[in-house]
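Q: Below is a structure I'd like to ask you about.
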Amino acid sequence: MMRLSIVAAAVAVAPLASAFVTVNVPKSASLVQSTHLGAAVIGPSSSSEQPASPRSSGATTTTTTTTTTTVSFTDDRRTFMNKASTSAIAAAVAATTTVATTHVAPAQAASSQMWTKVPVPFDDTLYDVDFDSAAHGYLVGARGAFAETNDGGLTWEPRSFSNLDAEEEVTYRFQVLSFKDGEGWVLGKPTLLLHTKDSGKTWERIPLSPKLPGEPTSILALGPNKAEMITSTGAIYSTENAGRNWKAQVKETIDATLNRISSSGVSGASYFTGSIINQVRDDYGGYLAVSSRGNFFLTWEPGQEFWIPHNRGTPRRIQNMGFVQGDIKKGLWMTLNGGKLLISPDEPDLTRDTFDFFEADIKTGGYGITDVAWRNENEVWAVGGSNTMYVSTDGGKKFVFDKSANEYPGNLYNVKFFPQYGPNAGWALGSNGMLLRYTG
């Protein structure tokens with residue numbers, strides 16, 4: 001039986017910590033933070049500590065003491081309960097992305113079929129998949145869905161934390177998964193951050209302060225003990241000691257920046273209050289985020305002190321955004337209400353309020369597009385409502401329908417490729433336990 005080591009740092013922890021281990025939190029534990037996020041370090045503090053100057057070369061870090069408790073980890077305990085609420089979860093997610101749920105396929109002239117459905121051990125909505133080798137990877141989703149593969153994704157086995165009973169386990173929604181060189185992170189809601197240093201054989205919980213600006217929305221493994229995390233307010237943090245301390249990379253949250261400077265040239269940005277959605281990071285550290293109302297978007301690159309707002313350039317609401325071939329310098333893509341897809345030219349000027357986008361030729365019949373990914377320079381995939389899939393072979397100018405998921409009900413939310421593991425290493429994920437493997 002494998003063992004799961006839970007490390008409870010002496011910081012103010014989220015309410016769910018008791019689900020893993022009960023810890024005594026010192027009264028002095030807090031999040032050291034000034035008005036400028038650049039001076040913030042997550043860790044314990046005392047009344048004698050002073051925040052670092054926002055103009056100093058780096059924030060002062062502190063070291064937490066830890067108490068380790070061991071609990072068991074099993075791969076066969078999870079009782080798969082009635083999934084009646086799965087349809088409600090899928091409907092809620094679909095509502096936020098304005099995708100159609102009635103399955104009526106768009107025109108299928110000259111349609112392709114380049115994906116194969118892979119069975120998984122649950123029917124919950126799947127949110128993310130990642131690999132630490134060509135053969136070994138993990139899959140996460142709603143209601144505590146967590147599965148492992150050791151054959152490149154051909155088969156998946158359920159994994160579970162044995163110290164959580166079935167009713168408690170299904171309250172977690174694992175949304176983000178990231179691996180690099182055997183080190184991995186899982187981010188869930190209610191706020192839960194897990195970390196492994198041995199390719200998932202053991203996991204530890206990383207406590208996060210409730211004073212963290214916004215909710216953690218994404219995390220990326222960057223190597224031994226290193227990771228980068230972003231929150232719903234645009235705060236970006238990095239760690240170099242496996243999550244014991246987090247150092248801010250941006251000096252202010254997005255709403256603080258937009259309310260401090262003049263943003264009159266960007267519709268909806270002045271006097272902004274709210275959060276951001278669809279935060280994504282390119283392969284070189286640049287970030288892209290969409291306002292929660294979908295009326296403007298923002299970019300940030302390493303070395304910049306603040307986020308920069310940009311007009312959407314269209315009256316339609318932004319659904320999602322991302323990078324062309326994973327690089328902000330190669331351009332951006334944007335999906336809009338009504339199944340529209342816009343793509344910018346390469347080398348976009350990130351200092352401008354407005355970007356130049358061209359509209360892709362894609363006939364969705366009104367179905368919303370939820371995600372877009374480049375397999376290579378020419379082959380581009382878009383997925384969306386009612387499990388619709390589209391492929392372009394000219395870099396995103398014209399798309400045709402792919403019928404791989406046409407016979408299955410539900411919605412697709414995520415499509416991603418892993419070129420480091422081969423030209424056909426691609427996956428599409430969605431509701432009702434939908435997992436598709438690219439076959440070409």
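A note on labels: chains of the structure tokens are A, B, ... as shown, every chain counts residues from 1, and ligands are counted from 1 in their shown order.
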Looking only at the backbone, which of the residues in region 404-433 of chain A does DSSP tag as strand (DSSP E), as a list in words?

A: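 Result set for region 404-433 of chain A (strand (DSSP E)): Leu412, Tyr413, Asn414, Val415, Lys416, Phe417, Gly426, Trp427, Ala428, Leu429 and Gly430 of chain A.
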
Q: So that I can check the surroundings of Thr370 (chain A), please list as a ChimeraX atom specification every protein, DNA and RNA residue that reaches within 9 Å of it, counting only C-alpha atoms and ignoring chain neighbours fewer than 6 positions away.

A: /A:97,99,319-320,335,339,382-385,411-414

Q: With only C-alpha atoms as the counted atoms, please give the residues lying no more than 6 Å from Tyr287 (chain A), apart from itself and same-chain residues fewer than 5 positions off, as a list in words.

A: Val280, Arg281, Thr299 and Trp300 of chain A

Q: Store the residues of this selection in a file with all heavy atoms, as a tab-separated table (two decimals), in the first residue's frame.

A:
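out-v7.tsv, freshly written:
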chain	number	residue	atom	x	y	z
A	280	VAL	N	-4.55	32.19	-18.36
A	280	VAL	CA	-3.67	31.21	-19.00
A	280	VAL	C	-2.26	31.77	-19.10
A	280	VAL	O	-2.06	32.98	-19.18
A	280	VAL	CB	-4.18	30.82	-20.41
A	280	VAL	CG1	-5.44	29.99	-20.32
A	280	VAL	CG2	-4.40	32.05	-21.28
A	281	ARG	N	-1.29	30.87	-19.09
A	281	ARG	CA	0.13	31.25	-19.13
A	281	ARG	C	0.75	30.67	-20.39
A	281	ARG	O	0.49	29.51	-20.73
A	281	ARG	CB	0.85	30.71	-17.90
A	281	ARG	CG	2.32	31.08	-17.78
A	281	ARG	CD	2.93	30.33	-16.61
A	281	ARG	NE	4.27	30.77	-16.27
A	281	ARG	CZ	5.39	30.32	-16.83
A	281	ARG	NH1	5.32	29.41	-17.81
A	281	ARG	NH2	6.57	30.75	-16.45
A	299	THR	N	-3.20	41.58	-20.40
A	299	THR	CA	-1.99	40.80	-20.61
A	299	THR	C	-0.93	41.22	-19.60
A	299	THR	O	-0.95	42.34	-19.08
A	299	THR	CB	-1.43	41.00	-22.04
A	299	THR	OG1	-1.17	42.40	-22.26
A	299	THR	CG2	-2.40	40.48	-23.08
A	300	TRP	N	-0.01	40.31	-19.32
A	300	TRP	CA	1.12	40.59	-18.45
A	300	TRP	C	2.30	39.75	-18.90
A	300	TRP	O	2.14	38.58	-19.28
A	300	TRP	CB	0.80	40.25	-17.00
A	300	TRP	CG	1.94	40.51	-16.05
A	300	TRP	CD1	2.26	41.70	-15.45
A	300	TRP	CD2	2.92	39.57	-15.61
A	300	TRP	NE1	3.38	41.55	-14.66
A	300	TRP	CE2	3.82	40.25	-14.74
A	300	TRP	CE3	3.14	38.21	-15.86
A	300	TRP	CZ2	4.90	39.63	-14.12
A	300	TRP	CZ3	4.22	37.59	-15.25
A	300	TRP	CH2	5.09	38.28	-14.39

Q: What separation in Å, quoted to one decimal, exists between CA of Thr171 (chain A) and CA of Leu193 (chain A)?

A: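 Separation of CA of Thr171 (chain A) and CA of Leu193 (chain A): 14.5 Å.
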
Q: Considering only C-alpha atoms, state which residue in the set A:Ala135, A:Ala147, A:Met321, A:Leu222 is at the smallest distance from Asp181 (chain A).

A: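 Going through A:Ala135, A:Ala147, A:Met321, A:Leu222 one by one, the smallest distance to Asp181 (chain A) is for A:Leu222.
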
Q: So what do you get for CA of Gly294 (chain A) versus CA of Gly313 (chain A), distance-wise?

A: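 CA of Gly294 (chain A) sits 11.6 Å away from CA of Gly313 (chain A).
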
Q: For Asp255 (chain A), which residue among A:Ile308, A:Leu139, A:Ile230, A:Ala134 is the nearest when counting only C-alpha atoms?

A: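 Checking each of A:Ile308, A:Leu139, A:Ile230, A:Ala134 against Asp255 (chain A), counting only C-alpha atoms, the winner is A:Ile308.
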
Q: Closest to Lys416 (chain A) among A:Leu435, A:Ile206, A:Ala289, A:Ile277, using only C-alpha atoms?

A: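 The answer is A:Leu435, which sits nearest to Lys416 (chain A).
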
Q: Give me the residues within 6 Å of Lys330 (chain A) as a list in words, counting only C-alpha atoms and dropping any in the same chain fewer than 2 places off.

A: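 With the cut-off at 6 Å, the set is Val324, Asp327, Ile328, Asp346 and Glu347 of chain A.
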
Q: Suppose we keep N, CA, C and O atoms; can you now write the selection as a PDB file, in the first residue's frame?

A:
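out-v2.pdb was written with the following content:
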ATOM      1  N   VAL A 324      -1.516  31.520 -29.544  1.00  0.00           N
ATOM      2  CA  VAL A 324      -1.207  30.769 -30.746  1.00  0.00           C
ATOM      3  C   VAL A 324       0.082  29.987 -30.497  1.00  0.00           C
ATOM      4  O   VAL A 324       1.116  30.570 -30.174  1.00  0.00           O
ATOM      5  N   ASP A 327       2.492  30.744 -27.396  1.00  0.00           N
ATOM      6  CA  ASP A 327       3.452  31.845 -27.335  1.00  0.00           C
ATOM      7  C   ASP A 327       2.732  33.163 -27.605  1.00  0.00           C
ATOM      8  O   ASP A 327       2.168  33.368 -28.682  1.00  0.00           O
ATOM      9  N   ILE A 328       2.761  34.075 -26.633  1.00  0.00           N
ATOM     10  CA  ILE A 328       2.076  35.349 -26.791  1.00  0.00           C
ATOM     11  C   ILE A 328       2.632  36.144 -27.968  1.00  0.00           C
ATOM     12  O   ILE A 328       1.918  36.938 -28.590  1.00  0.00           O
ATOM     13  N   ASP A 346       0.627  37.501 -35.825  1.00  0.00           N
ATOM     14  CA  ASP A 346       1.742  37.290 -34.916  1.00  0.00           C
ATOM     15  C   ASP A 346       2.385  38.620 -34.540  1.00  0.00           C
ATOM     16  O   ASP A 346       2.108  39.658 -35.140  1.00  0.00           O
ATOM     17  N   GLU A 347       3.220  38.581 -33.532  1.00  0.00           N
ATOM     18  CA  GLU A 347       3.892  39.771 -32.998  1.00  0.00           C
ATOM     19  C   GLU A 347       2.903  40.892 -32.646  1.00  0.00           C
ATOM     20  O   GLU A 347       3.045  42.040 -33.080  1.00  0.00           O
TER      21      GLU A 347
END

Q: Between CA of Pro158 (chain A) and CA of Ser404 (chain A), what is the spacing in Å?

A: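 Interatomic distance, CA of Ser404 (chain A) to CA of Pro158 (chain A): 25.0 Å.
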
Q: Considering only C-alpha atoms, can you say which of A:Trp333, A:Trp307, A:Phe297, A:Tyr172 comes closest to Gly234 (chain A)?

A: A:Trp307

Q: For Asp124 (chain A), which of A:Thr155, A:Met434, A:Gly440, A:Asn311 is the closest residue, counting only C-alpha atoms?

A: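 Using only C-alpha atoms, the shortest distance to Asp124 (chain A) belongs to A:Met434.
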
Q: Quick check for you: according to DSSP on this backbone, which residues of region 227-302 of chain A are classed as helix (DSSP H, G or I)? Reply as number ranges by chain.

A: A: 254-260

Q: Can you spit out the residues from that selection as an mmCIF file, in the first residue's frame, using N, CA and C atoms?

A:
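Contents of again19.cif, as written:
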data_model
loop_
_atom_site.group_PDB
_atom_site.id
_atom_site.type_symbol
_atom_site.label_atom_id
_atom_site.label_comp_id
_atom_site.auth_asym_id
_atom_site.auth_seq_id
_atom_site.Cartn_x
_atom_site.Cartn_y
_atom_site.Cartn_z
ATOM 1 N N ILE A 254 -5.363 43.301 -10.165
ATOM 2 C CA ILE A 254 -5.888 43.961 -11.360
ATOM 3 C C ILE A 254 -6.831 45.109 -11.015
ATOM 4 N N ASP A 255 -7.745 44.886 -10.071
ATOM 5 C CA ASP A 255 -8.696 45.968 -9.763
ATOM 6 C C ASP A 255 -7.986 47.166 -9.155
ATOM 7 N N ALA A 256 -6.920 46.935 -8.352
ATOM 8 C CA ALA A 256 -6.169 48.064 -7.790
ATOM 9 C C ALA A 256 -5.500 48.875 -8.887
ATOM 10 N N THR A 257 -4.930 48.194 -9.870
ATOM 11 C CA THR A 257 -4.274 48.894 -10.973
ATOM 12 C C THR A 257 -5.265 49.702 -11.794
ATOM 13 N N LEU A 258 -6.380 49.095 -12.156
ATOM 14 C CA LEU A 258 -7.355 49.766 -13.020
ATOM 15 C C LEU A 258 -8.064 50.915 -12.318
ATOM 16 N N ASN A 259 -8.156 50.862 -11.017
ATOM 17 C CA ASN A 259 -8.786 51.962 -10.289
ATOM 18 C C ASN A 259 -7.790 53.057 -9.940
ATOM 19 N N ARG A 260 -6.501 52.790 -10.123
ATOM 20 C CA ARG A 260 -5.479 53.786 -9.818
ATOM 21 C C ARG A 260 -5.071 54.576 -11.052
#

Q: When you look at region 420-425 of chain A with a cut-off of 12 Å (counting only C-alpha atoms), what residues show up, excluding the ones that are within fewer than 5 positions of it in the same chain? I need them as a short mmCIF file (atom, residue, chain, number, x, y, z; two decimals) with all heavy atoms, in the first residue's frame.

A:
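Okay, this is what ended up in result-v7.cif:
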data_model
loop_
_atom_site.label_atom_id
_atom_site.label_comp_id
_atom_site.auth_asym_id
_atom_site.auth_seq_id
_atom_site.Cartn_x
_atom_site.Cartn_y
_atom_site.Cartn_z
N MET A 114 -10.82 12.05 -36.19
CA MET A 114 -9.43 11.87 -35.81
C MET A 114 -9.22 11.61 -34.32
O MET A 114 -8.09 11.64 -33.84
CB MET A 114 -8.62 13.10 -36.22
CG MET A 114 -8.67 13.43 -37.69
SD MET A 114 -7.52 14.78 -38.11
CE MET A 114 -8.14 15.26 -39.71
N TRP A 115 -10.29 11.36 -33.57
CA TRP A 115 -10.19 11.13 -32.14
C TRP A 115 -10.93 9.86 -31.75
O TRP A 115 -11.93 9.50 -32.39
CB TRP A 115 -10.78 12.30 -31.36
CG TRP A 115 -10.11 13.62 -31.62
CD1 TRP A 115 -10.26 14.41 -32.73
CD2 TRP A 115 -9.18 14.30 -30.78
NE1 TRP A 115 -9.49 15.54 -32.63
CE2 TRP A 115 -8.81 15.50 -31.44
CE3 TRP A 115 -8.63 14.03 -29.53
CZ2 TRP A 115 -7.92 16.42 -30.87
CZ3 TRP A 115 -7.74 14.94 -28.98
CH2 TRP A 115 -7.39 16.12 -29.65
N THR A 116 -10.46 9.19 -30.70
CA THR A 116 -11.08 7.96 -30.20
C THR A 116 -11.44 8.13 -28.74
O THR A 116 -10.62 8.60 -27.94
CB THR A 116 -10.11 6.77 -30.35
OG1 THR A 116 -9.78 6.60 -31.73
CG2 THR A 116 -10.75 5.49 -29.82
N VAL A 129 -5.76 17.13 -17.74
CA VAL A 129 -4.93 15.93 -17.86
C VAL A 129 -3.50 16.39 -18.06
O VAL A 129 -3.25 17.42 -18.69
CB VAL A 129 -5.40 15.04 -19.03
CG1 VAL A 129 -5.26 15.76 -20.36
CG2 VAL A 129 -4.64 13.72 -19.05
N ASP A 130 -2.55 15.67 -17.47
CA ASP A 130 -1.14 16.00 -17.67
C ASP A 130 -0.30 14.74 -17.47
O ASP A 130 -0.74 13.79 -16.82
CB ASP A 130 -0.69 17.10 -16.71
CG ASP A 130 0.52 17.87 -17.24
OD1 ASP A 130 0.95 17.59 -18.38
OD2 ASP A 130 1.03 18.75 -16.54
N PHE A 131 0.91 14.77 -18.05
CA PHE A 131 1.80 13.62 -18.01
C PHE A 131 3.18 14.05 -17.53
O PHE A 131 3.63 15.16 -17.80
CB PHE A 131 1.93 13.02 -19.42
CG PHE A 131 0.67 12.36 -19.92
CD1 PHE A 131 -0.36 13.11 -20.45
CD2 PHE A 131 0.52 10.98 -19.86
CE1 PHE A 131 -1.53 12.52 -20.91
CE2 PHE A 131 -0.63 10.37 -20.32
CZ PHE A 131 -1.67 11.14 -20.84
N ASP A 132 3.87 13.13 -16.81
CA ASP A 132 5.26 13.38 -16.46
C ASP A 132 6.19 12.47 -17.25
O ASP A 132 7.41 12.52 -17.09
CB ASP A 132 5.50 13.24 -14.96
CG ASP A 132 5.28 11.83 -14.44
OD1 ASP A 132 4.62 11.04 -15.13
OD2 ASP A 132 5.78 11.53 -13.34
N SER A 133 5.62 11.65 -18.14
CA SER A 133 6.37 10.87 -19.11
C SER A 133 5.40 10.46 -20.20
O SER A 133 4.19 10.70 -20.09
CB SER A 133 7.00 9.63 -18.46
OG SER A 133 6.01 8.68 -18.12
N ALA A 134 5.91 9.83 -21.25
CA ALA A 134 5.02 9.42 -22.33
C ALA A 134 4.01 8.38 -21.87
O ALA A 134 2.92 8.27 -22.45
CB ALA A 134 5.84 8.87 -23.49
N ALA A 135 4.33 7.62 -20.83
CA ALA A 135 3.45 6.55 -20.36
C ALA A 135 2.63 6.92 -19.14
O ALA A 135 1.50 6.46 -18.98
CB ALA A 135 4.28 5.29 -20.06
N HIS A 136 3.18 7.77 -18.26
CA HIS A 136 2.55 8.00 -16.95
C HIS A 136 1.92 9.38 -16.86
O HIS A 136 2.55 10.39 -17.19
CB HIS A 136 3.60 7.85 -15.85
CG HIS A 136 3.04 8.01 -14.48
ND1 HIS A 136 3.37 9.05 -13.64
CD2 HIS A 136 2.13 7.26 -13.80
CE1 HIS A 136 2.72 8.94 -12.50
NE2 HIS A 136 1.95 7.86 -12.56
N GLY A 137 0.65 9.42 -16.41
CA GLY A 137 -0.04 10.69 -16.25
C GLY A 137 -1.24 10.58 -15.35
O GLY A 137 -1.58 9.49 -14.86
N GLY A 152 0.29 5.37 -21.25
CA GLY A 152 0.09 6.44 -22.21
C GLY A 152 -1.34 6.88 -22.40
O GLY A 152 -1.66 7.53 -23.39
N GLY A 153 -2.21 6.55 -21.45
CA GLY A 153 -3.60 6.99 -21.52
C GLY A 153 -4.55 6.01 -22.16
O GLY A 153 -5.73 6.32 -22.35
N LEU A 154 -4.10 4.79 -22.49
CA LEU A 154 -5.00 3.79 -23.07
C LEU A 154 -5.99 3.28 -22.03
O LEU A 154 -7.15 3.01 -22.34
CB LEU A 154 -4.19 2.63 -23.65
CG LEU A 154 -3.23 2.97 -24.79
CD1 LEU A 154 -2.46 1.73 -25.23
CD2 LEU A 154 -4.00 3.56 -25.98
N LYS A 180 6.06 18.26 -13.99
CA LYS A 180 7.34 18.48 -14.67
C LYS A 180 8.42 17.70 -13.94
O LYS A 180 8.64 17.89 -12.75
CB LYS A 180 7.71 19.97 -14.70
CG LYS A 180 9.01 20.25 -15.48
CD LYS A 180 9.28 21.74 -15.57
CE LYS A 180 10.60 22.03 -16.27
NZ LYS A 180 10.60 21.56 -17.67
N TRP A 374 -3.28 24.41 -30.75
CA TRP A 374 -2.47 24.17 -31.94
C TRP A 374 -1.72 22.84 -31.77
O TRP A 374 -0.95 22.66 -30.82
CB TRP A 374 -1.47 25.29 -32.14
CG TRP A 374 -1.92 26.40 -33.03
CD1 TRP A 374 -1.44 26.70 -34.28
CD2 TRP A 374 -2.93 27.38 -32.77
NE1 TRP A 374 -2.10 27.79 -34.81
CE2 TRP A 374 -3.02 28.23 -33.89
CE3 TRP A 374 -3.79 27.61 -31.69
CZ2 TRP A 374 -3.92 29.29 -33.98
CZ3 TRP A 374 -4.68 28.66 -31.76
CH2 TRP A 374 -4.74 29.49 -32.89
N ARG A 375 -1.95 21.90 -32.69
CA ARG A 375 -1.16 20.65 -32.69
C ARG A 375 0.22 20.90 -33.29
O ARG A 375 1.21 20.35 -32.84
CB ARG A 375 -1.89 19.56 -33.47
CG ARG A 375 -1.12 18.25 -33.57
CD ARG A 375 -1.97 17.15 -34.17
NE ARG A 375 -1.14 16.00 -34.48
CZ ARG A 375 -0.64 15.73 -35.68
NH1 ARG A 375 -0.90 16.54 -36.71
NH2 ARG A 375 0.11 14.67 -35.88
N ASN A 376 0.27 21.72 -34.31
CA ASN A 376 1.52 22.18 -34.91
C ASN A 376 1.24 23.51 -35.58
O ASN A 376 0.17 24.10 -35.38
CB ASN A 376 2.09 21.14 -35.89
CG ASN A 376 1.09 20.72 -36.95
OD1 ASN A 376 0.40 21.56 -37.54
ND2 ASN A 376 1.00 19.42 -37.21
N GLU A 379 -1.96 22.74 -38.05
CA GLU A 379 -3.16 22.03 -37.58
C GLU A 379 -3.67 22.61 -36.27
O GLU A 379 -2.96 22.62 -35.27
CB GLU A 379 -2.87 20.54 -37.41
CG GLU A 379 -4.13 19.72 -37.11
CD GLU A 379 -3.85 18.22 -37.10
OE1 GLU A 379 -3.03 17.76 -37.93
OE2 GLU A 379 -4.45 17.52 -36.26
N VAL A 415 -8.96 21.08 -24.70
CA VAL A 415 -8.21 20.30 -25.67
C VAL A 415 -6.75 20.71 -25.55
O VAL A 415 -6.43 21.89 -25.45
CB VAL A 415 -8.74 20.51 -27.11
CG1 VAL A 415 -8.71 21.98 -27.53
CG2 VAL A 415 -7.96 19.66 -28.10
N LEU A 436 -11.20 11.99 -24.94
CA LEU A 436 -10.89 11.61 -26.32
C LEU A 436 -9.38 11.66 -26.53
O LEU A 436 -8.73 12.60 -26.09
CB LEU A 436 -11.58 12.54 -27.31
CG LEU A 436 -13.11 12.56 -27.30
CD1 LEU A 436 -13.63 13.71 -28.12
CD2 LEU A 436 -13.68 11.24 -27.80
N ARG A 437 -8.85 10.66 -27.20
CA ARG A 437 -7.42 10.58 -27.51
C ARG A 437 -7.22 10.82 -29.01
O ARG A 437 -7.91 10.24 -29.85
CB ARG A 437 -6.87 9.22 -27.12
CG ARG A 437 -5.38 9.02 -27.40
CD ARG A 437 -4.89 7.71 -26.80
NE ARG A 437 -5.57 6.57 -27.39
CZ ARG A 437 -5.17 5.92 -28.48
NH1 ARG A 437 -4.07 6.32 -29.13
NH2 ARG A 437 -5.84 4.89 -28.92
N TYR A 438 -6.27 11.69 -29.34
CA TYR A 438 -6.01 12.01 -30.75
C TYR A 438 -5.34 10.81 -31.42
O TYR A 438 -4.37 10.25 -30.91
CB TYR A 438 -5.11 13.23 -30.85
CG TYR A 438 -4.79 13.66 -32.27
CD1 TYR A 438 -5.70 14.43 -32.99
CD2 TYR A 438 -3.61 13.27 -32.88
CE1 TYR A 438 -5.42 14.83 -34.29
CE2 TYR A 438 -3.32 13.66 -34.18
CZ TYR A 438 -4.23 14.44 -34.88
OH TYR A 438 -3.96 14.82 -36.17
N THR A 439 -5.86 10.42 -32.58
CA THR A 439 -5.31 9.29 -33.34
C THR A 439 -4.86 9.72 -34.74
O THR A 439 -4.16 8.98 -35.41
CB THR A 439 -6.33 8.16 -33.46
OG1 THR A 439 -7.56 8.67 -34.01
CG2 THR A 439 -6.62 7.54 -32.09
N GLY A 440 -5.28 10.89 -35.20
CA GLY A 440 -4.85 11.39 -36.49
C GLY A 440 -5.61 10.78 -37.67
O GLY A 440 -6.51 9.99 -37.51
#

Q: Calculated over only C-alpha atoms, which of the candidates A:Ser209, A:Thr125, A:Ser160, A:Thr196 has the smallest distance to Gly433 (chain A)?

A: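 Selected residue with least distance to Gly433 (chain A): A:Thr125.
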